[in-house]
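Note: the block below is target-v1.cif and it holds mmCIF, C-alpha atoms.
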```cif
data_upload
#
loop_
_atom_site.group_PDB
_atom_site.id
_atom_site.type_symbol
_atom_site.label_atom_id
_atom_site.label_comp_id
_atom_site.auth_asym_id
_atom_site.auth_seq_id
_atom_site.Cartn_x
_atom_site.Cartn_y
_atom_site.Cartn_z
ATOM 1 C CA ILE I 964 80.440 116.739 96.951
ATOM 2 C CA LYS I 965 83.096 117.333 94.305
ATOM 3 C CA MET I 966 85.352 119.105 96.804
ATOM 4 C CA ILE I 967 85.072 116.235 99.297
ATOM 5 C CA PHE I 968 85.840 113.733 96.539
ATOM 6 C CA GLY I 969 88.855 115.776 95.422
ATOM 7 C CA LEU I 970 90.132 115.970 98.984
ATOM 8 C CA SER I 971 89.818 112.215 99.496
ATOM 9 C CA VAL I 972 91.602 111.585 96.192
ATOM 10 C CA SER I 973 94.493 113.903 97.094
ATOM 11 C CA VAL I 974 94.735 112.349 100.560
ATOM 12 C CA GLY I 975 94.764 108.880 98.989
ATOM 13 C CA ILE I 976 97.583 109.921 96.660
ATOM 14 C CA VAL I 977 99.608 111.297 99.574
ATOM 15 C CA LEU I 978 99.049 108.105 101.579
ATOM 16 C CA ALA I 979 100.050 106.007 98.566
ATOM 17 C CA ILE I 980 103.275 108.008 98.248
ATOM 18 C CA HIS I 981 104.029 107.575 101.952
ATOM 19 C CA TYR I 982 103.275 103.851 102.047
ATOM 20 C CA ILE I 983 104.809 102.867 98.686
ATOM 21 C CA ILE I 984 107.581 105.248 97.655
ATOM 22 C CA ILE I 985 109.069 106.187 101.037
ATOM 23 C CA PRO I 986 109.414 102.567 102.333
ATOM 24 C CA ASN I 987 111.101 101.651 99.043
ATOM 25 C CA LYS I 988 113.653 104.427 99.591
ATOM 26 C CA PHE I 989 114.572 102.974 102.979
ATOM 27 C CA GLY I 990 114.524 99.415 101.640
ATOM 28 C CA ILE I 991 111.792 98.295 104.054
#
```
What does the file become when written as structure tokens?
Amino acid sequence: IKMIFGLSVSVGIVLAIHYIIIPNKFGI
């Protein structure tokens, strides 16, 4: 259970980076 939770957290962080930081770089 802890491993699954850790994976979902890391995936959520990666998605947050892709959807927040990267669009800001391109000015979208």
Would you mind reading off the distance between CA of Lys965 (chain I) and CA of Ile980 (chain I), one decimal, in Å?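 CA of Ile980 (chain I) lies 22.6 Å from CA of Lys965 (chain I).
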Atom pair CA of Ile985 (chain I) / CA of Val972 (chain I): separation (Å):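 For CA of Ile985 (chain I) relative to CA of Val972 (chain I), the distance reads 18.9 Å.
Take CA of Ile983 (chain I) and CA of Ile967 (chain I): the distance between them is 23.8 Å.
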